[in-house]
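The structure under discussion appears below in the form of structure tokens.
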Amino acid sequence: MSETTLSVFKTYKLYVGGKFPRSESGRVYEVSDSKGQWLANAPLGTRKDTRDAVLAARAAVKGWAGTTAYNRGQVLYRIAEMLQGRREQFAAEVALAEGIGSKKAAALVDAAIDRWVWYAGWTDKVAQIAGSSNPVAGPFFNLSTPEPSGVIGVVAPQSGTGFSFLGLVSVIAPAIAAGNTVVVAAAADAPLPALSLGEVLATSDLPGGVVNLISGKTADIAPTLASHQDVNGLDLAGAIAAEGPGAAVELEVLAADTLKRVIRPAADQASLDWTNAPGTERLLSFLETKTVWHPMGI
Amino acid sequence: MSTVAAKAPGAAGGGLEDVAASEASLRRFLHGLPGVDAVGLEARAATLGTRSIKTTAKAYAIDLAISMIDLTTLEGADTHGKVRGLCTKGRNPDPTDPTAPRVAAICVYPDMVATAKAALAGTDIQVASVATAFPAGRVALPVKLADTADAVAAGADEIDMVIDRGAFLSGRYLDVFNEIVAVKQACKRADGTSAHLKVIFETGELQTYDNVRRASWLGMLAGADFIKTSTGKVAVNATPPVTLLMLEAVRDFKQQTGVQIGVKPAGGIKTTKDAMKYLVMVNETLGDDWLSPHWFRFGASSLLNDLLMQRQKLTTGRYSGPDYVTVD
């Protein structure tokens, strides 16, 4: 009697350090679709969850930054492979989150898969673009090479075409392609694609802790990331422009205390189209240049 | 009263004078101790670990924990420079915040005692030295006594000895007892005072909770000033249940004899959260009397950095990171 089968509701969880914990607070909040219809309960991540995520991200830096660029590219490509198999699920989630038709949503998911592949190709080319051999006045080889900054805090996009998944991928992928690890504050009103992405990442050879996904109030999570002394960079893609806690200006002020590298949000996020070619700004923002002098010789 | 028992100040009362008169009486006493309810013990330790401690209570607990640390370096690669560096850190744990309390002691190998003593001159920070062929303890008694006397002569305020686990596990309790008594004797200084004696049981090697309870009583009867869980050199170090069990033994011993003994969990305590769990256990089991560096210590090294980072979080409101504490 198949008509009596009960559907099983999914418990959405955070993705921290390669594991799927509930929020430390034990609390959840209701997520609804663009028409206000209840979709699921998402964990209400707190400042402490954020701190734990930063610890996990910090622990993962050494291993991830230490893998070869070639290997990082393979892992990113693997993420695209895994996503391909769950295309329908993500298309459904994106359609509900952004209030668009299923065809359009599927196209956005395909674009996100392509974006992973695109950044997979970038991993071993960053050094050619951002590095250089410098002419110096002496018998030395002088080489500058880019190295990852470390732990990057990301405020995921909260509006714009394709923000919920394509936008999310477009801020995570460049940071980790360069060898950084990230802690992501998922879009507060549409966190489900982000939380599902955690399940894909967990099965993609990506070491635990390289990507950490926290859902909850942006006003709680973003300032914690911005002020955290062990976070090296901040991508404010989805930070609101208005005044108040969690606003971009305030986050920049907090980040300035510890000299973080910051990517400022677009002036008009709602009209952003994440399907546009991303360019290299995000890829090249969270790098530190190391310059080596080597004696020219025999 | 036997001569052996008379030497042991711990056995001065409570009807325990003759316990160590012979191998048989000591065994009868230790095996007569009630068996440990392992499930109940672990459940109790786990329950006490769930206490939530916030704001002012947390600030108090962090400062208390810092002041209870035996800041430890026990590596084959220790150098005089490293020990001096550790002493500097013990004197002034957070260079950015002079209100951070000092640690209780610096714990080193015997050959580093003089260096530590000199580096700590003018402070009330104690120098603790491991002795008796730490961590294995597998040498003859005269060598252990010489090791101890040497550390005391070099200026150690406290001696951390290891018991002979081999003798204990094969049931030769009186040997262990006599060894502790002898080491206690070797802790005496020329001026009549005596270095504090901490007795390490290496609970990770004692196999059962019953053995931990027996070892605790054995150590206290033999005159330990402190009982300590572990060396930090084996796979299993201080755990909350084992420490709770030792705290209970200390409580019962005080009730019976009136003598107060200190407790020192060591090894594997790395986070502020862990340290708070232990403080809650002490408070709930023994009460205020033990909540001081005189009666409770943490044997730790990396714990201090985590406590300092949490302390910085409380004072500045933002999370700190390992870049803002010293690398040891």
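We label chains A, B, ... in the order they appear in the structure tokens, count residues from 1 in each chain, and number ligands from 1 in the order shown.
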What are the closest atom pairs, with distances in Å to one decimal, for each residue of chain A lying within 12 Å of chain B, using only C-alpha atoms, rows by chain and rising residue number, as CSV?
residue,atom,partner,partner_atom,distance
A:Ser25,CA,B:Ser52,CA,12.0
A:Arg47,CA,B:Tyr319,CA,9.7
A:Lys48,CA,B:Tyr319,CA,9.8
A:Thr50,CA,B:Tyr319,CA,10.1
A:Arg51,CA,B:Tyr319,CA,7.4
A:Asp52,CA,B:Tyr319,CA,10.7
A:Val54,CA,B:Gly321,CA,9.5
A:Leu55,CA,B:Gly321,CA,8.8
A:Arg58,CA,B:Gly321,CA,9.4
A:Ala59,CA,B:Pro322,CA,11.1
A:Val151,CA,B:Gly321,CA,11.4
A:Pro223,CA,B:Arg318,CA,9.2
A:Thr224,CA,B:Arg318,CA,7.1
A:Leu225,CA,B:Tyr319,CA,8.8
A:Ala226,CA,B:Arg318,CA,9.1
A:Ser227,CA,B:Arg318,CA,5.6
A:His228,CA,B:Tyr319,CA,4.8
A:Gln229,CA,B:Ser320,CA,4.9
A:Asp230,CA,B:Gly321,CA,4.6
A:Val231,CA,B:Gly321,CA,8.3
A:Asn232,CA,B:Gly321,CA,10.7
A:Leu254,CA,B:Arg318,CA,9.5
A:Ala255,CA,B:Arg318,CA,11.0
A:Asp257,CA,B:Arg318,CA,10.5
A:Thr258,CA,B:Ser320,CA,10.5
Export of prior selection with C-alpha atoms as a JSON list (two decimals), in the first residue's frame:
[["chain", "number", "residue", "atom", "x", "y", "z"],
["A", 25, "SER", "CA", 22.61, 26.07, 21.28],
["A", 47, "ARG", "CA", 28.87, 32.60, 18.16],
["A", 48, "LYS", "CA", 30.21, 29.45, 19.79],
["A", 50, "THR", "CA", 31.32, 29.95, 14.75],
["A", 51, "ARG", "CA", 34.27, 29.76, 17.10],
["A", 52, "ASP", "CA", 34.32, 25.96, 16.84],
["A", 54, "VAL", "CA", 37.17, 28.65, 13.08],
["A", 55, "LEU", "CA", 39.11, 26.15, 15.19],
["A", 58, "ARG", "CA", 42.51, 26.60, 11.42],
["A", 59, "ALA", "CA", 43.34, 22.95, 12.05],
["A", 151, "VAL", "CA", 41.24, 31.01, 7.45],
["A", 223, "PRO", "CA", 30.66, 39.99, 13.61],
["A", 224, "THR", "CA", 32.18, 36.94, 15.33],
["A", 225, "LEU", "CA", 34.09, 36.13, 12.17],
["A", 226, "ALA", "CA", 35.05, 39.75, 11.58],
["A", 227, "SER", "CA", 36.44, 40.26, 15.09],
["A", 228, "HIS", "CA", 37.98, 36.80, 15.49],
["A", 229, "GLN", "CA", 41.73, 37.18, 15.83],
["A", 230, "ASP", "CA", 42.41, 33.85, 14.17],
["A", 231, "VAL", "CA", 40.58, 34.67, 10.93],
["A", 232, "ASN", "CA", 42.84, 36.06, 8.21],
["A", 254, "LEU", "CA", 35.96, 45.00, 13.31],
["A", 255, "ALA", "CA", 38.16, 43.37, 10.67],
["A", 257, "ASP", "CA", 41.51, 45.68, 14.21],
["A", 258, "THR", "CA", 43.33, 42.57, 13.09]]
Which of stretch 109-285 of chain A fall in helix (DSSP H, G or I), as an MDAnalysis selection string
chainID A and resid 109:122 126:130 163:177 192:202 218:227 248:256 269:271 281:285
Extract, using only C-alpha atoms, all DNA, RNA and protein residues at most 6 Å from stretch 163-171 of chain A, discarding same-chain residues fewer than 5 positions from it, and format them as number ranges by chain. A: 112, 156-157, 193, 274
Emit the selected residues as a PDB file, in the first residue's frame, including C-alpha atoms.
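Okay, this is what ended up in selection27.pdb:
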ATOM      1  CA  ALA A 112      27.387  26.102 -10.196  1.00  0.00           C
ATOM      2  CA  ALA A 156      27.403  34.184   1.761  1.00  0.00           C
ATOM      3  CA  PRO A 157      25.348  36.150  -0.783  1.00  0.00           C
ATOM      4  CA  PRO A 193      21.276  24.705  -0.422  1.00  0.00           C
ATOM      5  CA  TRP A 274      25.950  35.488 -10.203  1.00  0.00           C
TER       6      TRP A 274
END
Which residues come within 8 Å of stretch 9-19 of chain A, counting only C-alpha atoms, excluding same-chain residues fewer than 6 positions away, as a PDB file with N, CA and C atoms, in the first residue's frame?
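Listing of result17.pdb after writing:
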ATOM      1  N   ALA A  40      11.603  23.842   6.142  1.00  0.00           N
ATOM      2  CA  ALA A  40      12.368  22.965   7.029  1.00  0.00           C
ATOM      3  C   ALA A  40      12.850  23.800   8.207  1.00  0.00           C
ATOM      4  N   ASN A  41      13.363  23.108   9.227  1.00  0.00           N
ATOM      5  CA  ASN A  41      14.035  23.801  10.313  1.00  0.00           C
ATOM      6  C   ASN A  41      15.536  23.735  10.081  1.00  0.00           C
ATOM      7  N   ALA A  42      16.184  24.877  10.167  1.00  0.00           N
ATOM      8  CA  ALA A  42      17.640  24.903  10.023  1.00  0.00           C
ATOM      9  C   ALA A  42      18.250  25.173  11.392  1.00  0.00           C
ATOM     10  N   PRO A  43      19.445  24.627  11.653  1.00  0.00           N
ATOM     11  CA  PRO A  43      20.080  24.887  12.952  1.00  0.00           C
ATOM     12  C   PRO A  43      20.409  26.377  13.112  1.00  0.00           C
ATOM     13  N   GLY A  45      22.822  28.533  14.219  1.00  0.00           N
ATOM     14  CA  GLY A  45      24.221  28.585  14.629  1.00  0.00           C
ATOM     15  C   GLY A  45      24.511  29.809  15.483  1.00  0.00           C
ATOM     16  N   ASP A  52      33.916  27.352  17.089  1.00  0.00           N
ATOM     17  CA  ASP A  52      34.321  25.962  16.844  1.00  0.00           C
ATOM     18  C   ASP A  52      34.693  25.761  15.379  1.00  0.00           C
ATOM     19  N   ALA A  53      33.931  26.417  14.496  1.00  0.00           N
ATOM     20  CA  ALA A  53      34.200  26.274  13.064  1.00  0.00           C
ATOM     21  C   ALA A  53      35.553  26.895  12.715  1.00  0.00           C
ATOM     22  N   ALA A  56      38.200  24.493  13.665  1.00  0.00           N
ATOM     23  CA  ALA A  56      38.286  23.401  12.695  1.00  0.00           C
ATOM     24  C   ALA A  56      38.972  23.883  11.422  1.00  0.00           C
ATOM     25  N   ALA A  57      38.621  25.113  11.001  1.00  0.00           N
ATOM     26  CA  ALA A  57      39.219  25.651   9.778  1.00  0.00           C
ATOM     27  C   ALA A  57      40.717  25.862   9.975  1.00  0.00           C
ATOM     28  N   LEU A 192      19.244  26.360   3.036  1.00  0.00           N
ATOM     29  CA  LEU A 192      19.158  24.921   2.766  1.00  0.00           C
ATOM     30  C   LEU A 192      20.125  24.437   1.678  1.00  0.00           C
ATOM     31  N   LEU A 195      23.466  24.064   3.368  1.00  0.00           N
ATOM     32  CA  LEU A 195      23.581  22.933   4.283  1.00  0.00           C
ATOM     33  C   LEU A 195      23.652  21.617   3.505  1.00  0.00           C
ATOM     34  N   SER A 196      22.938  21.563   2.379  1.00  0.00           N
ATOM     35  CA  SER A 196      23.024  20.352   1.551  1.00  0.00           C
ATOM     36  C   SER A 196      24.380  20.242   0.868  1.00  0.00           C
ATOM     37  N   GLY A 198      27.091  20.868   2.195  1.00  0.00           N
ATOM     38  CA  GLY A 198      27.962  20.193   3.155  1.00  0.00           C
ATOM     39  C   GLY A 198      27.989  18.696   2.933  1.00  0.00           C
ATOM     40  N   GLU A 199      26.809  18.127   2.599  1.00  0.00           N
ATOM     41  CA  GLU A 199      26.746  16.679   2.378  1.00  0.00           C
ATOM     42  C   GLU A 199      27.536  16.270   1.142  1.00  0.00           C
ATOM     43  N   ALA A 202      31.318  16.545   2.040  1.00  0.00           N
ATOM     44  CA  ALA A 202      31.769  15.476   2.930  1.00  0.00           C
ATOM     45  C   ALA A 202      32.109  14.208   2.156  1.00  0.00           C
ATOM     46  N   PRO A 207      39.223  17.444   2.614  1.00  0.00           N
ATOM     47  CA  PRO A 207      39.508  17.169   4.025  1.00  0.00           C
ATOM     48  C   PRO A 207      38.541  17.930   4.939  1.00  0.00           C
ATOM     49  N   GLY A 208      38.141  17.322   6.032  1.00  0.00           N
ATOM     50  CA  GLY A 208      37.245  17.964   6.993  1.00  0.00           C
ATOM     51  C   GLY A 208      37.838  19.273   7.475  1.00  0.00           C
ATOM     52  N   GLY A 209      37.005  20.296   7.623  1.00  0.00           N
ATOM     53  CA  GLY A 209      37.471  21.563   8.160  1.00  0.00           C
ATOM     54  C   GLY A 209      37.855  22.573   7.086  1.00  0.00           C
ATOM     55  N   VAL A 210      38.030  22.141   5.828  1.00  0.00           N
ATOM     56  CA  VAL A 210      38.399  23.090   4.781  1.00  0.00           C
ATOM     57  C   VAL A 210      37.220  24.026   4.485  1.00  0.00           C
ATOM     58  N   VAL A 211      36.015  23.447   4.449  1.00  0.00           N
ATOM     59  CA  VAL A 211      34.817  24.279   4.328  1.00  0.00           C
ATOM     60  C   VAL A 211      33.931  23.992   5.535  1.00  0.00           C
ATOM     61  N   ASN A 212      33.501  25.048   6.211  1.00  0.00           N
ATOM     62  CA  ASN A 212      32.600  24.907   7.352  1.00  0.00           C
ATOM     63  C   ASN A 212      31.398  25.802   7.113  1.00  0.00           C
ATOM     64  N   LEU A 213      30.201  25.235   7.264  1.00  0.00           N
ATOM     65  CA  LEU A 213      28.983  25.959   6.923  1.00  0.00           C
ATOM     66  C   LEU A 213      28.122  26.153   8.164  1.00  0.00           C
ATOM     67  N   ILE A 214      27.811  27.416   8.465  1.00  0.00           N
ATOM     68  CA  ILE A 214      27.014  27.741   9.636  1.00  0.00           C
ATOM     69  C   ILE A 214      25.765  28.476   9.178  1.00  0.00           C
ATOM     70  N   SER A 215      24.608  27.974   9.574  1.00  0.00           N
ATOM     71  CA  SER A 215      23.381  28.723   9.302  1.00  0.00           C
ATOM     72  C   SER A 215      22.949  29.410  10.594  1.00  0.00           C
TER      73      SER A 215
END
Stretch 76-78 of chain A surroundings by only C-alpha atoms, 8 Å radius, close-in-sequence under 6 positions cut, as a PDB file with N, CA and C atoms, in the first residue's frame:
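Done, and the output landed in selection-v9.pdb:
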ATOM      1  N   TRP A 116      32.576  25.068 -10.267  1.00  0.00           N
ATOM      2  CA  TRP A 116      33.559  24.226  -9.552  1.00  0.00           C
ATOM      3  C   TRP A 116      34.643  23.759 -10.513  1.00  0.00           C
ATOM      4  N   VAL A 117      34.220  23.343 -11.704  1.00  0.00           N
ATOM      5  CA  VAL A 117      35.201  22.849 -12.683  1.00  0.00           C
ATOM      6  C   VAL A 117      36.146  23.977 -13.087  1.00  0.00           C
ATOM      7  N   TYR A 119      37.054  26.632 -11.338  1.00  0.00           N
ATOM      8  CA  TYR A 119      38.032  26.897 -10.275  1.00  0.00           C
ATOM      9  C   TYR A 119      38.993  25.721 -10.088  1.00  0.00           C
ATOM     10  N   ALA A 120      38.507  24.498 -10.393  1.00  0.00           N
ATOM     11  CA  ALA A 120      39.413  23.341 -10.333  1.00  0.00           C
ATOM     12  C   ALA A 120      40.575  23.549 -11.294  1.00  0.00           C
ATOM     13  N   ALA A 173      34.423  28.553  -3.644  1.00  0.00           N
ATOM     14  CA  ALA A 173      35.399  27.881  -4.513  1.00  0.00           C
ATOM     15  C   ALA A 173      36.701  28.662  -4.694  1.00  0.00           C
ATOM     16  N   ALA A 177      40.231  27.186  -3.624  1.00  0.00           N
ATOM     17  CA  ALA A 177      41.103  26.858  -4.758  1.00  0.00           C
ATOM     18  C   ALA A 177      42.500  27.401  -4.502  1.00  0.00           C
ATOM     19  N   SER A 204      33.489  14.243  -0.965  1.00  0.00           N
ATOM     20  CA  SER A 204      34.246  14.653  -2.150  1.00  0.00           C
ATOM     21  C   SER A 204      35.750  14.677  -1.968  1.00  0.00           C
ATOM     22  N   ASP A 205      36.284  13.895  -1.054  1.00  0.00           N
ATOM     23  CA  ASP A 205      37.736  13.896  -0.815  1.00  0.00           C
ATOM     24  C   ASP A 205      38.236  15.228  -0.258  1.00  0.00           C
ATOM     25  N   LEU A 206      37.314  16.131   0.060  1.00  0.00           N
ATOM     26  CA  LEU A 206      37.745  17.403   0.639  1.00  0.00           C
ATOM     27  C   LEU A 206      38.012  17.148   2.129  1.00  0.00           C
TER      28      LEU A 206
END
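Nearest to A:Ala187 of all the residues A:Thr218, A:Gln269, A:Ser149, A:Ser144 is A:Thr218, counting only C-alpha atoms.
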Atom pair atom CA of B:Gln310 + atom CA of B:Thr50, distance 18.4 Å
Among B:Cys87, B:Ile106, B:Val327, B:Leu145, B:Ala182 is approached most closely, using only C-alpha atoms, by B:Leu145
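Using only C-alpha atoms for every distance, the candidate list B:Ala121, B:Ala46, B:Ala224, B:Ala131 yields B:Ala224 as the residue closest to B:Phe177.
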Judged by only C-alpha atoms, the minimum distance to A:Asp235 among A:Asp268, A:Glu281, A:Glu3, A:Glu288 is found for A:Glu281
Atom CA of B:Gln207 sits from atom CA of B:Arg51 at a separation of 28.6 Å
Item to complete: Check stretch 75-281 of chain B with DSSP on the backbone and list each residue it calls strand (DSSP E), as number ranges by chain.
Response: B: 105-108, 126-130, 158-162, 196-200, 226-228, 262-264
What would the file look like if the residues just selected were written as a PDB file, in the first residue's frame with C-alpha atoms?
ATOM      1  CA  ALA B 105      54.576  25.751  39.785  1.00  0.00           C
ATOM      2  CA  ILE B 106      56.985  24.853  37.029  1.00  0.00           C
ATOM      3  CA  CYS B 107      57.443  21.114  36.628  1.00  0.00           C
ATOM      4  CA  VAL B 108      60.731  19.895  35.153  1.00  0.00           C
ATOM      5  CA  GLN B 126      57.177  26.555  43.205  1.00  0.00           C
ATOM      6  CA  VAL B 127      59.619  24.352  41.391  1.00  0.00           C
ATOM      7  CA  ALA B 128      58.331  20.821  41.032  1.00  0.00           C
ATOM      8  CA  SER B 129      60.662  18.084  39.922  1.00  0.00           C
ATOM      9  CA  VAL B 130      59.759  14.636  38.765  1.00  0.00           C
ATOM     10  CA  GLU B 158      57.887  19.648  45.255  1.00  0.00           C
ATOM     11  CA  ILE B 159      58.745  16.126  44.164  1.00  0.00           C
ATOM     12  CA  ASP B 160      56.567  14.154  41.767  1.00  0.00           C
ATOM     13  CA  MET B 161      57.399  10.471  42.247  1.00  0.00           C
ATOM     14  CA  VAL B 162      56.031   7.504  40.323  1.00  0.00           C
ATOM     15  CA  HIS B 196      56.082  18.365  49.115  1.00  0.00           C
ATOM     16  CA  LEU B 197      55.615  14.839  47.822  1.00  0.00           C
ATOM     17  CA  LYS B 198      53.241  14.110  44.960  1.00  0.00           C
ATOM     18  CA  VAL B 199      52.674  10.454  44.216  1.00  0.00           C
ATOM     19  CA  ILE B 200      51.893   9.518  40.611  1.00  0.00           C
ATOM     20  CA  PHE B 226      49.371  15.061  46.826  1.00  0.00           C
ATOM     21  CA  ILE B 227      48.088  12.193  44.735  1.00  0.00           C
ATOM     22  CA  LYS B 228      48.496  12.561  40.987  1.00  0.00           C
ATOM     23  CA  GLY B 262      45.872  17.381  47.459  1.00  0.00           C
ATOM     24  CA  VAL B 263      44.965  16.037  44.039  1.00  0.00           C
ATOM     25  CA  LYS B 264      46.646  16.638  40.702  1.00  0.00           C
TER      26      LYS B 264
END
Can you list, as a PyMOL selection string, every protein, DNA or RNA residue that comes within 12 Å of stretch 107-111 of chain A when you count only C-alpha atoms, leaving out same-chain residues fewer than 5 positions away?
chain A and resi 80-81+83-95+98+100-102+116-118+161-170+193+197+273-278
- Excluding A:Gly179 and any residue of its chain fewer than 5 positions from it, enumerate the residues within 9 Å of it, using only C-alpha atoms, and give them as a list of chain:residue names. A:Val61, A:Trp64, A:Ala65, A:Gly66, A:Thr67, A:Ala69, A:Arg72, A:Thr123, A:Glu147, A:Pro148, A:Ser149, A:Gly150, A:Pro174, A:Val210, A:Leu287
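Taking atom CA of B:Glu179 and atom CA of B:Thr231 as endpoints, the distance between them is 17.9 Å.
For the choices A:Gly160, A:Asp189, A:Thr5, A:Thr68, the atom-to-atom distance to A:Trp38 is smallest for A:Asp189 when using only C-alpha atoms.
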